[in-house]
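Report on one structure; see the data block that follows.
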Amino acid sequence: MESLATFWRRLQALAGGNDRDLDDELAFHLAMREAKNRAADVPADQAQATAKRQFGNVAKIKEACREMHTLTFLETFWQDLRYGARGLKHNPMLALIVIVTLALGIGVSSCNFAILNQWVIEAVSFPHPDRLVVLWEMDTRKGSISTIPAPDYLDWKRENHVMETLSAWSSSEFSVTGGEVPQRISGGRVSADFFRTLGVRPFLGRDFLESDDQQGAAHVALVSYGFWRERLGGDPNLAGATLKLGGESYAVVGVMPDDFHFTLMGRANIWVPLAFPDADRADRSAGWLQVVGRLNPGITPARAREAVNVIASNLEKAYPETNTNTGIQLETLSQEIGRHVGNQGMYTGFVVGICILLIACSNVAGLYLARTLSRRKEMTMRLALGARRGRLARQLLSENILLLPAAIGLGLALAAEAGNWVTAVIPYENRGYLPNYGRIHVDLSTMIFALLISVLSVLLFSLAPILEGYKLNLTGVLKEIGSGTGTRGQKLRKTLVVAHVVLALTTLVPTGLMVRFLIESLSQDPGFRTDHVLTARLSLPATAYKDEVQWRSFYDRLLEGVRALPQVEKVGASQYVPFGRYNATVTFGRSRRERWRRWSVTTGRATCASFRTSFTAPSFSPVSRCCNCTTSRSTSLCPKPGSD
């Protein structure tokens, strides 16, 4: 309490509240000394002058008393700020250049930090993210990873002792009918404990039950918040809410929270239970599942890897035909998301942003150094009159501090606009595979980062002029003024130029490599036409189209109808869109046991007209002679069984 009272008294003194008392006390001491002189028979006309001479410099004593009883550093800081404001007022163009230069550096570095922080560092928003792991099946000889067969996943789950839960999922697309317009909605098939593994509860309704994940169980589904609001009208009463998925009715039992997003699954809006059929439970040769688990408290990823390696070894011994040389790769969920996002590129971009900020600081330092050298005579005179070098350094620093609010505000505005631009240029289909759907926003952590780097920037570009001020030689400055800026100033400027060049090269090398990669990627010839070519995806419900004859008939009628449109020149159909999200593979080689001697190729079925629609390279010309499709009007999907 005593310290608080002392602080309050000093604050009052700083505001001038104790000046009158101090004046009265000093006047009292002078009067007492004058009275003492008169008592010593000093003439009355000399008593007052003698008292003042004996007492000393009243102004100096008053200043010393103020330093003892007030917060002097605040007063001098306020004086320095006012001095800096007057200096900037006389040099508005310099202030504008410094603000814009700093804002560009702060904006670029802050935007890169926001991307790194929101896409890599804080990419996992689920509870206890350090305990979430992703598991893949790994070929121990090739080092490649792949999806997991259902029997292997079930064995992993049964023999697991280091994970609290272990869940499987597979991306899928659903044909939603029953409304005004049929829709193709992305989603996933998940095990019953999938959301509990992530630590997420439905916003409305219930989660999947273990009984929902059994073959023959009633069809149920969970939907996203946006889908529930737009498709189901946002009705909180889910009783009777149903969806038509692939021609079958599913009861909507829950709605996920608005902010739920599982990055590895993309833009998912519907989830249904896996419910493995008996054929999937017995097939160890086809991998199609992805697995996520939550470690038990106190279990590290390293210890979990040791445990799953034991499981893989046991399965290799039990099923040599399919599991020879098959291991398990375990990574944390944040590492897996970082691998998909490209964490190395994010870190490189962050370093480039810092280099740009340092280049901006070196530019500003050069400007202030030139200004300091032009004021050498002024500073020398002030030092000769008794000013301290530290006070001069604070005054130089005060001008830069005044520019911080404007530079930070403009820099954060630029970072926000840059984040919106980055979000806008990302293709819609790819945003779902980025944390927060690829959105970049200026949050509290970004603001704190901008504030810290701004303060460091001020200290950096203020260092050169402050050092030059400390090196002032009172006896030699006048001689240097007549001949130039002096060798010391030249050395500092040369140092700044060298630093500028080094930082520029450090920035240009990774930036140039990235630009070259983008140019080569965009200019790469895909081997087929991309102009005036439109694609559409659709799937037929298995309940209505049960055999090959029915779906062939449907596609024949569809293509004939599209071909009759006057806007259409050619039309074709294929099983998969080139470079699309989905494809099929065929594995061939020696035997399942010798997996390292087997190869996989991507396959697909297409009409010959689809090649004529898209492909123009001569290498594709023989396609017109495949199977029985010899005319561009044929719509039979190729290749036919037994055809060449």
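For the structure tokens, the naming scheme is as follows: chains receive sequential letters (A, B, ...) according to their order of presentation, residues are indexed from 1 within each chain, and ligands are indexed from 1 in presentation order.
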
Using only C-alpha atoms, which protein or nucleic acid residues come within 9 Å of stretch 211-223 of chain A? Drop anything in the same chain fewer than 3 positions from it, and give the result as a PyMOL selection string.
chain A and resi 187+190-192+202+205-208+226-228+242-243+248-256+268-278

Among stretch 171-373 of chain A, which ones does DSSP assign to alpha helix (DSSP H) (computed from the backbone)? Answer as a ChimeraX atom specification.
/A:194-198,225-231,278-282,301-318,320-323,333-341,343-373

Residues just named, written with C-alpha atoms as an mmCIF file, in the first residue's frame:
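In the end it all went to part-v3.cif:
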data_model
loop_
_atom_site.group_PDB
_atom_site.id
_atom_site.type_symbol
_atom_site.label_atom_id
_atom_site.label_comp_id
_atom_site.auth_asym_id
_atom_site.auth_seq_id
_atom_site.Cartn_x
_atom_site.Cartn_y
_atom_site.Cartn_z
ATOM 1 C CA PHE A 194 -15.403 -41.780 -35.484
ATOM 2 C CA PHE A 195 -16.696 -38.523 -33.998
ATOM 3 C CA ARG A 196 -15.997 -39.662 -30.443
ATOM 4 C CA THR A 197 -12.395 -40.326 -31.499
ATOM 5 C CA LEU A 198 -12.097 -36.739 -32.713
ATOM 6 C CA TYR A 225 -24.763 -27.675 -39.886
ATOM 7 C CA GLY A 226 -24.902 -25.909 -43.271
ATOM 8 C CA PHE A 227 -26.662 -28.836 -44.971
ATOM 9 C CA TRP A 228 -29.185 -29.046 -42.113
ATOM 10 C CA ARG A 229 -29.940 -25.337 -42.338
ATOM 11 C CA GLU A 230 -30.233 -25.165 -46.136
ATOM 12 C CA ARG A 231 -31.629 -28.579 -47.100
ATOM 13 C CA ASP A 278 -19.197 -59.962 -45.165
ATOM 14 C CA ALA A 279 -17.220 -59.750 -48.440
ATOM 15 C CA ASP A 280 -15.306 -56.679 -47.202
ATOM 16 C CA ARG A 281 -14.578 -58.319 -43.855
ATOM 17 C CA ALA A 282 -12.852 -61.214 -45.647
ATOM 18 C CA PRO A 301 3.598 -41.347 -30.708
ATOM 19 C CA ALA A 302 6.977 -43.124 -30.494
ATOM 20 C CA ARG A 303 5.627 -45.685 -28.035
ATOM 21 C CA ALA A 304 2.487 -46.102 -30.149
ATOM 22 C CA ARG A 305 4.638 -46.830 -33.226
ATOM 23 C CA GLU A 306 6.387 -49.621 -31.349
ATOM 24 C CA ALA A 307 3.037 -51.120 -30.372
ATOM 25 C CA VAL A 308 1.524 -51.014 -33.874
ATOM 26 C CA ASN A 309 4.698 -52.515 -35.343
ATOM 27 C CA VAL A 310 4.126 -55.532 -33.108
ATOM 28 C CA ILE A 311 0.559 -55.783 -34.451
ATOM 29 C CA ALA A 312 1.826 -55.600 -38.046
ATOM 30 C CA SER A 313 4.394 -58.320 -37.344
ATOM 31 C CA ASN A 314 1.699 -60.612 -35.899
ATOM 32 C CA LEU A 315 -0.538 -60.077 -38.947
ATOM 33 C CA GLU A 316 2.383 -60.774 -41.287
ATOM 34 C CA LYS A 317 2.897 -64.150 -39.632
ATOM 35 C CA ALA A 318 -0.807 -64.961 -39.580
ATOM 36 C CA PRO A 320 1.657 -64.277 -45.243
ATOM 37 C CA GLU A 321 -0.196 -64.280 -48.585
ATOM 38 C CA THR A 322 -1.432 -60.715 -48.173
ATOM 39 C CA ASN A 323 0.512 -59.137 -45.293
ATOM 40 C CA LEU A 333 -2.932 -35.719 -37.243
ATOM 41 C CA SER A 334 -1.205 -32.333 -37.365
ATOM 42 C CA GLN A 335 1.759 -33.874 -39.220
ATOM 43 C CA GLU A 336 -0.558 -35.578 -41.686
ATOM 44 C CA ILE A 337 -2.475 -32.363 -42.369
ATOM 45 C CA GLY A 338 0.834 -30.540 -42.730
ATOM 46 C CA ARG A 339 1.949 -33.117 -45.298
ATOM 47 C CA HIS A 340 -1.198 -32.505 -47.340
ATOM 48 C CA VAL A 341 -1.024 -28.721 -46.990
ATOM 49 C CA ASN A 343 4.203 -27.473 -44.383
ATOM 50 C CA GLN A 344 7.688 -27.045 -45.843
ATOM 51 C CA GLY A 345 6.306 -24.556 -48.332
ATOM 52 C CA MET A 346 4.499 -22.751 -45.518
ATOM 53 C CA TYR A 347 7.705 -22.409 -43.503
ATOM 54 C CA THR A 348 9.581 -21.239 -46.601
ATOM 55 C CA GLY A 349 6.929 -18.609 -47.260
ATOM 56 C CA PHE A 350 7.179 -17.425 -43.664
ATOM 57 C CA VAL A 351 10.960 -17.037 -43.954
ATOM 58 C CA VAL A 352 10.506 -15.115 -47.214
ATOM 59 C CA GLY A 353 8.067 -12.784 -45.450
ATOM 60 C CA ILE A 354 10.565 -12.125 -42.673
ATOM 61 C CA CYS A 355 13.263 -11.403 -45.268
ATOM 62 C CA ILE A 356 10.963 -8.895 -46.971
ATOM 63 C CA LEU A 357 10.402 -7.199 -43.617
ATOM 64 C CA LEU A 358 14.161 -7.044 -43.011
ATOM 65 C CA ILE A 359 14.653 -5.537 -46.460
ATOM 66 C CA ALA A 360 12.066 -2.905 -45.578
ATOM 67 C CA CYS A 361 13.927 -2.234 -42.315
ATOM 68 C CA SER A 362 17.228 -1.826 -44.159
ATOM 69 C CA ASN A 363 15.612 0.641 -46.562
ATOM 70 C CA VAL A 364 14.175 2.692 -43.707
ATOM 71 C CA ALA A 365 17.479 2.491 -41.824
ATOM 72 C CA GLY A 366 19.230 3.952 -44.858
ATOM 73 C CA LEU A 367 16.769 6.855 -44.961
ATOM 74 C CA TYR A 368 17.162 7.606 -41.257
ATOM 75 C CA LEU A 369 20.923 7.252 -41.430
ATOM 76 C CA ALA A 370 21.051 9.850 -44.187
ATOM 77 C CA ARG A 371 18.808 12.119 -42.107
ATOM 78 C CA THR A 372 20.983 11.624 -39.041
ATOM 79 C CA LEU A 373 24.152 12.461 -40.981
#

Which residue, A:Pro541, A:Gly107, A:Gly143, A:Pro151, has the smallest gap to A:Gln329 when you use only C-alpha atoms?
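Closest to A:Gln329, using only C-alpha atoms: A:Gly143.
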
For each of A:Val100, A:Ala544, A:Val108, A:Ala47, take the minimum atom-to-atom distance to A:Glu34, counting only C-alpha atoms, then give the residue where this is smallest.
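Using only C-alpha atoms, the shortest distance to A:Glu34 belongs to A:Ala47.
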
Computed gap from atom CA of A:Tyr433 to atom CA of A:Leu135 is 18.0 Å

Counting only C-alpha atoms, what is within 12 Å of A:Ser175, bar same-chain residues fewer than 2 positions away, as a compact mmCIF listing (two decimals) with N, CA and C atoms, in the first residue's frame?
# COMPACT_ATOMS: atom_id res chain seq x y z
N SER A 172 -16.76 -40.39 -49.65
CA SER A 172 -17.78 -40.90 -50.55
C SER A 172 -18.59 -39.72 -51.08
N GLU A 173 -19.38 -39.99 -52.10
CA GLU A 173 -20.31 -39.00 -52.62
C GLU A 173 -21.69 -39.62 -52.67
N THR A 177 -31.67 -37.24 -53.46
CA THR A 177 -32.89 -37.01 -54.23
C THR A 177 -34.04 -36.75 -53.27
N GLY A 178 -35.20 -36.49 -53.84
CA GLY A 178 -36.37 -36.25 -53.01
C GLY A 178 -36.73 -34.78 -52.91
N GLY A 179 -35.82 -33.88 -53.28
CA GLY A 179 -36.12 -32.46 -53.26
C GLY A 179 -36.49 -31.97 -54.64
N VAL A 181 -34.48 -30.38 -56.71
CA VAL A 181 -33.38 -30.64 -57.63
C VAL A 181 -32.48 -31.70 -57.00
N PRO A 182 -32.18 -32.79 -57.70
CA PRO A 182 -31.23 -33.77 -57.15
C PRO A 182 -29.85 -33.14 -56.97
N GLN A 183 -29.14 -33.56 -55.94
CA GLN A 183 -27.82 -33.00 -55.65
C GLN A 183 -26.82 -34.13 -55.45
N ARG A 184 -25.56 -33.82 -55.78
CA ARG A 184 -24.46 -34.74 -55.51
C ARG A 184 -23.65 -34.13 -54.38
N ILE A 185 -23.70 -34.75 -53.22
CA ILE A 185 -23.13 -34.19 -51.99
C ILE A 185 -21.95 -35.05 -51.53
N SER A 186 -20.84 -34.40 -51.22
CA SER A 186 -19.68 -35.11 -50.69
C SER A 186 -19.89 -35.44 -49.23
N GLY A 187 -19.35 -36.55 -48.81
CA GLY A 187 -19.47 -36.97 -47.42
C GLY A 187 -18.51 -38.10 -47.13
N LEU A 243 -33.51 -38.50 -45.52
CA LEU A 243 -32.83 -38.16 -46.77
C LEU A 243 -32.90 -39.36 -47.70
N LYS A 244 -33.00 -39.07 -49.00
CA LYS A 244 -32.93 -40.11 -50.01
C LYS A 244 -31.51 -40.13 -50.56
N LEU A 245 -30.73 -41.15 -50.19
CA LEU A 245 -29.35 -41.27 -50.63
C LEU A 245 -29.24 -42.50 -51.52
N GLY A 246 -28.97 -42.27 -52.82
CA GLY A 246 -28.88 -43.39 -53.75
C GLY A 246 -30.16 -44.17 -53.86
N GLY A 247 -31.28 -43.49 -53.70
CA GLY A 247 -32.57 -44.16 -53.82
C GLY A 247 -33.04 -44.82 -52.55
N GLU A 248 -32.24 -44.81 -51.46
CA GLU A 248 -32.62 -45.43 -50.20
C GLU A 248 -32.85 -44.34 -49.15
N SER A 249 -33.75 -44.60 -48.24
CA SER A 249 -34.13 -43.63 -47.23
C SER A 249 -33.23 -43.76 -46.00
N ILE A 270 -22.38 -35.10 -45.35
CA ILE A 270 -23.21 -36.23 -44.93
C ILE A 270 -22.29 -37.36 -44.50
N ARG A 537 -20.68 -34.78 -63.49
CA ARG A 537 -20.59 -36.07 -62.82
C ARG A 537 -21.98 -36.49 -62.36
N LEU A 538 -22.25 -37.78 -62.47
CA LEU A 538 -23.52 -38.31 -61.99
C LEU A 538 -23.34 -39.77 -61.64
N SER A 539 -24.22 -40.27 -60.81
CA SER A 539 -24.20 -41.69 -60.44
C SER A 539 -25.64 -42.18 -60.40
N LEU A 540 -25.83 -43.41 -60.76
CA LEU A 540 -27.16 -44.00 -60.82
C LEU A 540 -27.42 -44.81 -59.56
N PRO A 541 -28.60 -44.70 -58.96
CA PRO A 541 -28.89 -45.48 -57.74
C PRO A 541 -28.97 -46.97 -58.06
N ALA A 542 -28.33 -47.75 -57.21
CA ALA A 542 -28.29 -49.20 -57.42
C ALA A 542 -29.66 -49.83 -57.29

Please identify the strand (DSSP E) residues within stretch 231-474 of chain A (assignment by DSSP from backbone atoms) and present them as a list of chain:residue names.
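Here are the strand (DSSP E) residues of stretch 231-474 of chain A: A:Thr242, A:Leu243, A:Lys244, A:Leu245, A:Glu248, A:Ser249, A:Tyr250, A:Ala251, A:Val252, A:Val253, A:Gly254, A:Val255, A:Ile270, A:Trp271, A:Val272, A:Pro273, A:Gln290, A:Val291, A:Val292, A:Gly293, A:Arg294, A:Leu295, A:Thr326, A:Gly327, A:Ile328, A:Gln329, A:Leu330, A:Glu331, A:Thr332.
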
Spatial neighbours of stretch 258-261 of chain A, max dist 9 Å, only C-alpha atoms, sep filter under 5 positions, as a ChimeraX atom specification:
/A:125-126,200,203,224-226,266-268,432,435-437

Of A:Ser574, A:Tyr555, A:Ile440, A:Tyr545, the one nearest to A:Ile115 when counting only C-alpha atoms is A:Ile440

Find the residues near A:Ala31: any atom within 9 Å, counting only C-alpha atoms, skip ones fewer than 5 places away on the same chain, and give them as an MDAnalysis selection string.
chainID A and resid 26 36 48 51

Could the residues in this selection be written to a file with N, CA and C atoms, as a PDB file, in the first residue's frame?
ATOM      1  N   LEU A  26      11.064  25.979  -1.232  1.00  0.00           N
ATOM      2  CA  LEU A  26      12.320  26.618  -1.627  1.00  0.00           C
ATOM      3  C   LEU A  26      12.340  28.085  -1.201  1.00  0.00           C
ATOM      4  N   LYS A  36      19.009  34.762   8.396  1.00  0.00           N
ATOM      5  CA  LYS A  36      20.248  34.436   9.109  1.00  0.00           C
ATOM      6  C   LYS A  36      21.364  35.404   8.739  1.00  0.00           C
ATOM      7  N   GLN A  48      19.836  39.240   0.635  1.00  0.00           N
ATOM      8  CA  GLN A  48      19.107  38.349  -0.271  1.00  0.00           C
ATOM      9  C   GLN A  48      20.022  37.745  -1.330  1.00  0.00           C
ATOM     10  N   ALA A  51      22.176  35.141   0.236  1.00  0.00           N
ATOM     11  CA  ALA A  51      21.402  33.923   0.514  1.00  0.00           C
ATOM     12  C   ALA A  51      21.243  33.078  -0.745  1.00  0.00           C
TER      13      ALA A  51
END

Could you state the separation of atom CA of A:Ala564 and atom CA of A:Ala536 in Å, given to one decimal place?
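Atom CA of A:Ala536 lies at a distance of 17.0 Å from atom CA of A:Ala564.
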